[in-house]
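Engineer: If it helps, the file is called work34.cif and holds mmCIF, C-alpha atoms and all ligand atoms:
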data_upload
loop_
_atom_site.group_PDB
_atom_site.id
_atom_site.type_symbol
_atom_site.label_atom_id
_atom_site.label_comp_id
_atom_site.auth_asym_id
_atom_site.auth_seq_id
_atom_site.Cartn_x
_atom_site.Cartn_y
_atom_site.Cartn_z
ATOM 1 C CA MET Z 1 115.071 64.996 80.042
ATOM 2 C CA GLU Z 2 114.808 68.754 79.265
ATOM 3 C CA GLN Z 3 113.972 68.012 75.599
ATOM 4 C CA LEU Z 4 111.362 65.503 76.647
ATOM 5 C CA LEU Z 5 109.694 68.079 78.897
ATOM 6 C CA TRP Z 6 109.567 70.632 76.083
ATOM 7 C CA LYS Z 7 107.918 67.993 73.883
ATOM 8 C CA HIS Z 8 105.202 67.601 76.530
ATOM 9 C CA ILE Z 9 104.654 71.389 76.524
ATOM 10 C CA GLN Z 10 104.241 71.356 72.748
ATOM 11 C CA ASN Z 11 101.877 68.431 73.032
ATOM 12 C CA VAL Z 12 99.543 70.380 75.317
ATOM 13 C CA ARG Z 13 99.662 73.329 72.900
ATOM 14 C CA THR Z 14 98.745 71.177 69.895
ATOM 15 C CA LYS Z 15 96.331 68.683 71.481
ATOM 16 C CA SER Z 16 94.471 71.261 73.595
ATOM 17 C CA PRO Z 17 92.986 68.814 76.124
ATOM 18 C CA LEU Z 18 89.629 69.504 77.754
ATOM 19 C CA VAL Z 19 90.266 69.894 81.488
ATOM 20 C CA HIS Z 20 87.332 69.708 83.883
ATOM 21 C CA ASN Z 21 87.886 71.778 87.034
ATOM 22 C CA ILE Z 22 86.020 71.766 90.305
ATOM 23 C CA THR Z 23 88.014 74.423 92.090
ATOM 24 C CA ASN Z 24 87.672 77.352 94.476
ATOM 25 C CA TYR Z 25 86.035 80.769 94.090
ATOM 26 C CA VAL Z 26 89.334 82.571 94.706
ATOM 27 C CA VAL Z 27 91.188 81.167 91.684
ATOM 28 C CA MET Z 28 88.543 80.065 89.209
ATOM 29 C CA ASN Z 29 89.133 82.853 86.700
ATOM 30 C CA ASN Z 30 92.940 82.814 87.005
ATOM 31 C CA THR Z 31 93.258 79.071 86.545
ATOM 32 C CA ALA Z 32 90.896 79.047 83.551
ATOM 33 C CA ASN Z 33 93.024 81.770 81.954
ATOM 34 C CA ALA Z 34 96.276 79.947 82.753
ATOM 35 C CA LEU Z 35 94.898 76.775 81.135
ATOM 36 C CA LEU Z 36 93.929 78.729 78.026
ATOM 37 C CA ALA Z 37 97.340 80.419 77.905
ATOM 38 C CA ILE Z 38 99.187 77.062 77.846
ATOM 39 C CA GLY Z 39 96.901 75.833 75.062
ATOM 40 C CA ALA Z 40 94.466 73.692 77.052
ATOM 41 C CA SER Z 41 90.701 74.025 77.125
ATOM 42 C CA PRO Z 42 89.238 74.588 80.606
ATOM 43 C CA ILE Z 43 85.717 73.970 81.808
ATOM 44 C CA MET Z 44 84.519 74.760 85.311
ATOM 45 C CA ALA Z 45 81.472 72.665 86.274
ATOM 46 C CA HIS Z 46 80.098 71.501 89.604
ATOM 47 C CA ALA Z 47 76.321 70.938 89.176
ATOM 48 C CA HIS Z 48 75.373 67.485 90.448
ATOM 49 C CA GLN Z 49 73.235 66.967 87.356
ATOM 50 C CA GLU Z 50 76.210 67.177 84.987
ATOM 51 C CA VAL Z 51 79.405 66.305 86.842
ATOM 52 C CA GLU Z 52 79.554 62.646 85.779
ATOM 53 C CA GLU Z 53 78.834 63.421 82.128
ATOM 54 C CA MET Z 54 81.487 66.127 82.189
ATOM 55 C CA VAL Z 55 84.104 63.751 83.583
ATOM 56 C CA ASN Z 56 83.160 61.391 80.774
ATOM 57 C CA ILE Z 57 83.946 63.891 78.017
ATOM 58 C CA CYS Z 58 87.038 65.536 79.552
ATOM 59 C CA GLN Z 59 90.626 64.311 79.218
ATOM 60 C CA ALA Z 60 91.541 65.119 82.829
ATOM 61 C CA LEU Z 61 89.913 66.305 86.050
ATOM 62 C CA VAL Z 62 91.160 68.836 88.627
ATOM 63 C CA ILE Z 63 89.708 68.809 92.136
ATOM 64 C CA ASN Z 64 90.699 71.634 94.462
ATOM 65 C CA ILE Z 65 89.058 71.875 97.910
ATOM 66 C CA GLY Z 66 89.926 75.555 98.508
ATOM 67 C CA THR Z 67 86.442 76.871 99.288
ATOM 68 C CA LEU Z 68 84.597 73.731 100.326
ATOM 69 C CA ASP Z 69 80.927 73.602 101.127
ATOM 70 C CA GLU Z 70 78.282 70.927 101.360
ATOM 71 C CA TYR Z 71 77.097 71.121 97.754
ATOM 72 C CA TRP Z 72 80.592 71.273 96.234
ATOM 73 C CA THR Z 73 81.840 68.388 98.392
ATOM 74 C CA VAL Z 74 79.206 66.130 96.821
ATOM 75 C CA SER Z 75 80.216 67.378 93.332
ATOM 76 C CA MET Z 76 83.860 66.554 94.076
ATOM 77 C CA ILE Z 77 83.058 63.077 95.322
ATOM 78 C CA GLN Z 78 80.838 62.370 92.293
ATOM 79 C CA ALA Z 79 83.605 63.534 89.976
ATOM 80 C CA ALA Z 80 86.447 61.662 91.696
ATOM 81 C CA LYS Z 81 84.363 58.495 91.761
ATOM 82 C CA ALA Z 82 83.616 58.828 88.024
ATOM 83 C CA ALA Z 83 87.258 59.543 87.150
ATOM 84 C CA ASN Z 84 88.353 56.485 89.097
ATOM 85 C CA ARG Z 85 85.721 54.303 87.411
ATOM 86 C CA LEU Z 86 86.494 55.618 83.914
ATOM 87 C CA ASN Z 87 90.253 55.512 84.435
ATOM 88 C CA LYS Z 88 90.570 59.256 83.691
ATOM 89 C CA PRO Z 89 93.654 60.994 85.040
ATOM 90 C CA TRP Z 90 92.800 63.330 87.902
ATOM 91 C CA ILE Z 91 94.670 65.621 90.279
ATOM 92 C CA LEU Z 92 93.825 66.596 93.840
ATOM 93 C CA ASP Z 93 94.863 69.915 95.403
ATOM 94 C CA PRO Z 94 94.359 69.515 99.172
ATOM 95 C CA VAL Z 95 94.175 73.261 99.903
ATOM 96 C CA GLY Z 96 94.347 73.889 103.646
ATOM 97 C CA ALA Z 97 94.677 70.189 104.560
ATOM 98 C CA GLY Z 98 94.993 69.864 108.313
ATOM 99 C CA ALA Z 99 93.403 73.258 109.002
ATOM 100 C CA THR Z 100 89.950 71.884 109.851
ATOM 101 C CA SER Z 101 88.401 68.471 110.393
ATOM 102 C CA TYR Z 102 85.897 69.165 107.568
ATOM 103 C CA ARG Z 103 88.764 69.467 105.093
ATOM 104 C CA ASP Z 104 90.441 66.338 106.468
ATOM 105 C CA THR Z 105 87.303 64.185 106.360
ATOM 106 C CA THR Z 106 86.566 65.282 102.798
ATOM 107 C CA LEU Z 107 90.167 64.649 101.747
ATOM 108 C CA GLU Z 108 90.158 61.195 103.287
ATOM 109 C CA TYR Z 109 87.138 60.300 101.183
ATOM 110 C CA LEU Z 110 88.595 61.831 98.002
ATOM 111 C CA LEU Z 111 91.877 59.951 98.476
ATOM 112 C CA SER Z 112 89.997 56.663 98.367
ATOM 113 C CA PHE Z 113 89.404 57.366 94.648
ATOM 114 C CA ARG Z 114 93.175 57.244 94.100
ATOM 115 C CA PRO Z 115 94.170 60.576 92.507
ATOM 116 C CA THR Z 116 96.703 60.243 89.693
ATOM 117 C CA VAL Z 117 98.548 63.234 91.185
ATOM 118 C CA ILE Z 118 98.412 65.018 94.531
ATOM 119 C CA ARG Z 119 99.920 68.549 94.543
ATOM 120 C CA GLY Z 120 100.209 70.576 97.698
ATOM 121 C CA ASN Z 121 102.636 72.633 99.714
ATOM 122 C CA ALA Z 122 104.747 70.884 102.352
ATOM 123 C CA SER Z 123 102.318 71.566 105.226
ATOM 124 C CA GLU Z 124 99.425 70.143 103.224
ATOM 125 C CA ILE Z 125 101.320 67.012 102.181
ATOM 126 C CA LEU Z 126 102.377 66.464 105.804
ATOM 127 C CA ALA Z 127 98.816 66.904 107.024
ATOM 128 C CA LEU Z 128 97.488 64.598 104.337
ATOM 129 C CA ALA Z 129 99.800 61.824 105.391
ATOM 130 C CA LYS Z 130 98.855 62.581 109.016
ATOM 131 C CA LEU Z 131 102.514 62.447 109.920
ATOM 132 C CA ASN Z 132 102.349 65.572 111.990
ATOM 133 C CA GLN Z 133 99.829 66.617 114.578
ATOM 134 C CA GLU Z 134 100.372 70.332 114.110
ATOM 135 C CA LYS Z 135 97.630 72.474 112.638
ATOM 136 C CA THR Z 136 98.231 73.919 109.180
ATOM 137 C CA LYS Z 137 98.213 77.720 109.416
ATOM 138 C CA GLY Z 138 95.739 78.068 106.555
ATOM 139 C CA VAL Z 139 96.456 77.872 102.853
ATOM 140 C CA ASP Z 140 100.164 78.795 103.143
ATOM 141 C CA SER Z 141 102.961 76.429 104.133
ATOM 142 C CA THR Z 142 104.842 76.593 107.409
ATOM 143 C CA ALA Z 143 107.232 73.794 106.366
ATOM 144 C CA GLN Z 144 109.891 73.193 103.680
ATOM 145 C CA SER Z 145 109.487 70.750 100.768
ATOM 146 C CA ASN Z 146 112.233 68.464 102.103
ATOM 147 C CA ASP Z 147 110.326 67.980 105.367
ATOM 148 C CA ALA Z 148 107.457 66.376 103.450
ATOM 149 C CA VAL Z 149 109.313 63.802 101.322
ATOM 150 C CA GLN Z 150 108.573 60.928 103.684
ATOM 151 C CA ALA Z 151 104.921 61.937 103.801
ATOM 152 C CA ALA Z 152 104.841 62.024 99.995
ATOM 153 C CA GLN Z 153 106.376 58.558 99.802
ATOM 154 C CA TYR Z 154 103.731 57.296 102.206
ATOM 155 C CA LEU Z 155 100.931 58.813 100.106
ATOM 156 C CA HIS Z 156 102.416 57.293 96.957
ATOM 157 C CA LYS Z 157 102.550 53.851 98.547
ATOM 158 C CA GLN Z 158 99.054 54.119 99.976
ATOM 159 C CA PHE Z 159 97.164 55.556 96.993
ATOM 160 C CA GLY Z 160 99.479 55.012 93.999
ATOM 161 C CA SER Z 161 99.551 58.775 93.358
ATOM 162 C CA THR Z 162 102.485 60.769 92.042
ATOM 163 C CA VAL Z 163 102.993 63.439 94.708
ATOM 164 C CA CYS Z 164 104.237 66.986 94.015
ATOM 165 C CA ILE Z 165 105.420 69.026 96.978
ATOM 166 C CA SER Z 166 105.643 72.697 96.057
ATOM 167 C CA GLY Z 167 107.796 75.421 97.575
ATOM 168 C CA GLU Z 168 111.155 77.059 96.909
ATOM 169 C CA THR Z 169 112.185 73.619 95.603
ATOM 170 C CA ASP Z 170 109.478 71.459 94.071
ATOM 171 C CA ILE Z 171 109.829 67.734 94.690
ATOM 172 C CA ILE Z 172 108.053 65.068 92.652
ATOM 173 C CA VAL Z 173 107.759 61.660 94.278
ATOM 174 C CA ALA Z 174 106.783 58.667 92.133
ATOM 175 C CA GLU Z 175 107.585 54.961 91.952
ATOM 176 C CA GLY Z 176 111.296 54.614 92.723
ATOM 177 C CA LYS Z 177 111.785 58.230 91.682
ATOM 178 C CA GLU Z 178 112.412 61.630 93.252
ATOM 179 C CA MET Z 179 112.773 64.701 91.014
ATOM 180 C CA ARG Z 180 113.750 68.150 92.263
ATOM 181 C CA LEU Z 181 112.889 71.333 90.380
ATOM 182 C CA PHE Z 182 114.607 74.596 91.234
ATOM 183 C CA ASN Z 183 112.842 77.244 89.149
ATOM 184 C CA GLY Z 184 110.400 79.904 90.371
ATOM 185 C CA ASN Z 185 110.611 83.167 92.266
ATOM 186 C CA ALA Z 186 109.787 84.051 95.887
ATOM 187 C CA LEU Z 187 107.321 86.697 94.639
ATOM 188 C CA MET Z 188 105.083 83.773 93.640
ATOM 189 C CA THR Z 189 104.076 83.361 97.296
ATOM 190 C CA LYS Z 190 102.581 86.892 97.206
ATOM 191 C CA VAL Z 191 100.057 86.093 94.485
ATOM 192 C CA THR Z 192 97.104 84.018 95.611
ATOM 193 C CA GLY Z 193 96.356 80.881 93.688
ATOM 194 C CA LEU Z 194 99.667 80.098 92.034
ATOM 195 C CA GLY Z 195 99.680 76.717 93.777
ATOM 196 C CA CYS Z 196 96.185 76.132 92.388
ATOM 197 C CA THR Z 197 97.475 77.253 88.987
ATOM 198 C CA ALA Z 198 100.306 74.710 89.212
ATOM 199 C CA THR Z 199 97.708 72.044 89.971
ATOM 200 C CA ALA Z 200 95.458 73.026 87.053
ATOM 201 C CA ILE Z 201 98.415 73.077 84.646
ATOM 202 C CA ILE Z 202 99.540 69.632 85.829
ATOM 203 C CA GLY Z 203 95.927 68.574 85.106
ATOM 204 C CA ALA Z 204 96.368 69.591 81.462
ATOM 205 C CA PHE Z 205 99.672 67.728 81.201
ATOM 206 C CA ILE Z 206 98.434 64.433 82.644
ATOM 207 C CA ALA Z 207 95.641 64.584 80.054
ATOM 208 C CA VAL Z 208 98.137 64.122 77.204
ATOM 209 C CA THR Z 209 101.255 62.579 78.789
ATOM 210 C CA GLU Z 210 101.567 58.945 79.758
ATOM 211 C CA ASN Z 211 104.506 59.358 82.129
ATOM 212 C CA VAL Z 212 102.904 61.124 85.086
ATOM 213 C CA ALA Z 213 106.132 62.291 86.761
ATOM 214 C CA GLU Z 214 107.328 63.818 83.484
ATOM 215 C CA ALA Z 215 103.945 65.470 82.995
ATOM 216 C CA ALA Z 216 104.199 67.062 86.441
ATOM 217 C CA ALA Z 217 107.797 68.141 85.878
ATOM 218 C CA ALA Z 218 106.962 69.755 82.527
ATOM 219 C CA ALA Z 219 103.963 71.581 84.023
ATOM 220 C CA ILE Z 220 105.796 72.907 87.075
ATOM 221 C CA SER Z 221 108.845 73.933 85.031
ATOM 222 C CA LEU Z 222 106.647 75.786 82.531
ATOM 223 C CA LEU Z 223 104.886 77.764 85.276
ATOM 224 C CA ASN Z 224 108.006 78.443 87.308
ATOM 225 C CA ILE Z 225 110.219 79.488 84.388
ATOM 226 C CA ALA Z 226 107.447 81.793 83.141
ATOM 227 C CA CYS Z 227 107.198 83.398 86.603
ATOM 228 C CA GLU Z 228 110.946 83.635 86.925
ATOM 229 C CA LEU Z 229 111.271 85.489 83.606
ATOM 230 C CA VAL Z 230 108.346 87.803 84.310
ATOM 231 C CA ALA Z 231 109.541 88.561 87.856
ATOM 232 C CA LYS Z 232 112.664 90.219 86.446
ATOM 233 C CA ASN Z 233 110.621 93.115 85.085
ATOM 234 C CA VAL Z 234 107.748 93.628 87.510
ATOM 235 C CA GLU Z 235 107.262 95.928 90.487
ATOM 236 C CA GLY Z 236 105.214 93.487 92.576
ATOM 237 C CA PRO Z 237 102.545 90.774 92.762
ATOM 238 C CA GLY Z 238 99.916 92.634 90.711
ATOM 239 C CA SER Z 239 101.978 92.882 87.576
ATOM 240 C CA LEU Z 240 103.422 89.372 88.078
ATOM 241 C CA GLN Z 241 99.909 87.973 87.962
ATOM 242 C CA MET Z 242 99.029 89.910 84.829
ATOM 243 C CA HIS Z 243 102.226 89.305 82.842
ATOM 244 C CA LEU Z 244 102.347 85.624 83.776
ATOM 245 C CA LEU Z 245 99.529 84.810 81.330
ATOM 246 C CA ASP Z 246 101.462 86.384 78.450
ATOM 247 C CA LYS Z 247 104.612 84.414 79.288
ATOM 248 C CA LEU Z 248 102.743 81.113 79.649
ATOM 249 C CA TYR Z 249 101.346 81.817 76.199
ATOM 250 C CA ASN Z 250 104.570 82.797 74.441
ATOM 251 C CA LEU Z 251 107.408 81.033 76.278
ATOM 252 C CA THR Z 252 109.893 79.737 73.677
ATOM 253 C CA GLN Z 253 111.986 76.583 73.616
ATOM 254 C CA THR Z 254 115.148 78.713 73.856
ATOM 255 C CA GLU Z 255 113.895 80.419 77.031
ATOM 256 C CA PHE Z 256 112.864 77.051 78.456
ATOM 257 C CA ASP Z 257 116.203 75.387 77.662
ATOM 258 C CA GLN Z 258 118.220 78.317 79.007
ATOM 259 C CA HIS Z 259 116.461 78.433 82.363
ATOM 260 C CA ILE Z 260 115.341 74.956 83.358
ATOM 261 C CA LYS Z 261 116.982 73.671 86.551
ATOM 262 C CA LEU Z 262 116.231 70.167 87.752
ATOM 263 C CA SER Z 263 117.742 67.014 89.097
ATOM 264 C CA ALA Z 264 116.070 63.759 88.074
HETATM 265 N N1 LIG Z 301 110.231 80.623 97.660
HETATM 266 C C1 LIG Z 301 109.910 80.247 96.422
HETATM 267 N N2 LIG Z 301 110.796 80.406 95.411
HETATM 268 C C2 LIG Z 301 110.489 80.038 94.146
HETATM 269 N N3 LIG Z 301 109.288 79.494 93.794
HETATM 270 C C3 LIG Z 301 108.361 79.300 94.743
HETATM 271 C C4 LIG Z 301 108.626 79.660 96.103
HETATM 272 N N4 LIG Z 301 107.526 79.351 96.855
HETATM 273 C C5 LIG Z 301 106.627 78.821 95.990
HETATM 274 N N5 LIG Z 301 107.114 78.786 94.723
HETATM 275 C C6 LIG Z 301 106.403 78.285 93.533
HETATM 276 O O1 LIG Z 301 105.079 78.801 93.598
HETATM 277 C C7 LIG Z 301 104.116 77.830 93.179
HETATM 278 C C8 LIG Z 301 103.101 77.625 94.299
HETATM 279 O O2 LIG Z 301 103.742 76.949 95.340
HETATM 280 P P1 LIG Z 301 103.290 77.093 96.862
HETATM 281 O O3 LIG Z 301 103.349 78.506 97.286
HETATM 282 O O4 LIG Z 301 104.100 76.103 97.633
HETATM 283 O O5 LIG Z 301 101.812 76.541 96.758
HETATM 284 P P2 LIG Z 301 100.522 76.990 97.563
HETATM 285 O O6 LIG Z 301 100.170 78.305 96.946
HETATM 286 O O7 LIG Z 301 99.540 75.923 97.281
HETATM 287 O O8 LIG Z 301 100.916 77.094 99.008
HETATM 288 C C9 LIG Z 301 104.908 76.566 92.816
HETATM 289 O O9 LIG Z 301 105.053 76.522 91.417
HETATM 290 C C10 LIG Z 301 106.262 76.775 93.523
HETATM 291 O O10 LIG Z 301 107.315 76.180 92.819
HETATM 292 C C1 LIG Z 302 93.228 82.125 99.855
HETATM 293 C C2 LIG Z 302 92.370 80.957 99.614
HETATM 294 N N1 LIG Z 302 91.374 80.628 100.470
HETATM 295 C C3 LIG Z 302 90.689 79.571 100.091
HETATM 296 S S1 LIG Z 302 91.219 78.930 98.639
HETATM 297 C C4 LIG Z 302 92.437 80.099 98.521
HETATM 298 C C5 LIG Z 302 93.404 80.140 97.394
HETATM 299 C C6 LIG Z 302 94.610 79.332 97.740
HETATM 300 O O1 LIG Z 302 95.459 79.273 96.614
HETATM 301 P P1 LIG Z 302 96.930 78.724 96.701
HETATM 302 O O2 LIG Z 302 96.923 77.493 97.524
HETATM 303 O O3 LIG Z 302 97.256 78.419 95.280
HETATM 304 O O4 LIG Z 302 97.780 79.830 97.253
HETATM 305 MG MG MG Z 303 97.612 75.725 97.644
#
Starting from the file, lay out its structure as structure tokens.
Structural biologist:
Amino acid sequence: MEQLLWKHIQNVRTKSPLVHNITNYVVMNNTANALLAIGASPIMAHAHQEVEEMVNICQALVINIGTLDEYWTVSMIQAAKAANRLNKPWILDPVGAGATSYRDTTLEYLLSFRPTVIRGNASEILALAKLNQEKTKGVDSTAQSNDAVQAAQYLHKQFGSTVCISGETDIIVAEGKEMRLFNGNALMTKVTGLGCTATAIIGAFIAVTENVAEAAAAAISLLNIACELVAKNVEGPGSLQMHLLDKLYNLTQTEFDQHIKLSA
């Protein structure tokens, strides 16, 4: 499995897929840079006049509802609809699901276009499956990944999506499959947008990888091993964020093989 995942990483580096992102103001620059660092080609575009055409030329679409507003919601729906019609792989990041009814209504509509992958923290996955009535605190999780496995299975059954629950352990739920990934570093929770970065990177991997669960596992392992290695030599979140781009860019197969921890 580990060798297979490294092959997917190399594939992204050589094929350089065009990844269309409709994401939030907080992370736009960071996620574009992370996509470039792993070898993909990002484009951020949300104008109603061009969204459908953009989905047509890209190899994958990323929709992230972090800083929703009326105009962007329409862009997201146009894009998700087009991806579904054109059979393009697309990933949904339900940032802050359950925090407000506006987010939930928008997410309900987006889910109807059957995202290839859904990636969120445990609170968001729980809210999305409407299995808990508690309010999400905001964009950060108040639950553990394990608590959301049933919710992820429900979402998979309902929408056919591969579901990635992020946290200290990342869990990937797909058809008859549950993978657990144990890389990463707690300092990652102190840098905004690393969940969004995970989502964008998965977007690049589903563009070039047929097996969606493997694509997600390769993407998450790449990000988390890079952070883990960088975290050893940094003083705090600021330098983690900066050095992460370098490590995403130059991570070697030896480093990957020596550090990857998963159960498939
Ligand atoms: N306590 C932790 N230890 C190691 N890695 C973590 C931890 N918490 C989150 N991560 C990693 O940080 C990234 C973002 O996850 P998370 O914080 O759950 O997302 P979000 O930012 O959307 O809430 C994921 O790649 C995840 O594996
Ligand atoms: C803080 C914040 N507010 C709206 S979007 C956003 C970024 C959330 O990023 P992540 O979910 O990756 O931590
Ligand atoms: Mg998030």
Engineer: Please return the centre and edge lengths, in Å to one decimal, of a box with edges along x, y and z that contains all listed atoms of ligand LIG 301 (chain Z), widened by 3 Å on every side, as AutoDock Vina command-line options.
Structural biologist:
--center_x 105.2 --center_y 78.3 --center_z 95.2 --size_x 17.3 --size_y 10.7 --size_z 13.6
Engineer: For atom CA of Asn21 of chain Z and atom CA of Leu240 of chain Z, determine how far apart the two atoms are, in Å to one decimal place.
Structural biologist: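 Those two atoms sit 23.5 Å apart.
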Engineer: Atom CA of Lys190 of chain Z to atom CA of Pro237 of chain Z: how many Å, to one decimal?
Structural biologist: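 Pair atom CA of Lys190 of chain Z / atom CA of Pro237 of chain Z returns 5.9 Å.
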Engineer: Return as a PyMOL selection string the residues of protein, DNA or RNA that approach ligand LIG 301 (chain Z) to within 8 Å, with all atoms listed in the file taken into account.
Structural biologist: chain Z and resi 93+95+119-122+139-141+165-170+181-189+192-198+220-221+223-224
Engineer: For the atom pair atom CA of Asn146 of chain Z and atom CA of Ala217 of chain Z, what is the interatomic distance in Å to one decimal place?
Structural biologist: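 Pair atom CA of Asn146 of chain Z / atom CA of Ala217 of chain Z returns 16.8 Å.
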Engineer: Counting all atoms listed in the file, figure out which residue out of Z:Cys227, Z:Leu35, Z:Ile171, Z:Val163 gets nearest to Leu262 of chain Z.
Structural biologist: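 Once distances to Leu262 of chain Z are computed over all atoms listed in the file, the minimum belongs to Z:Ile171.
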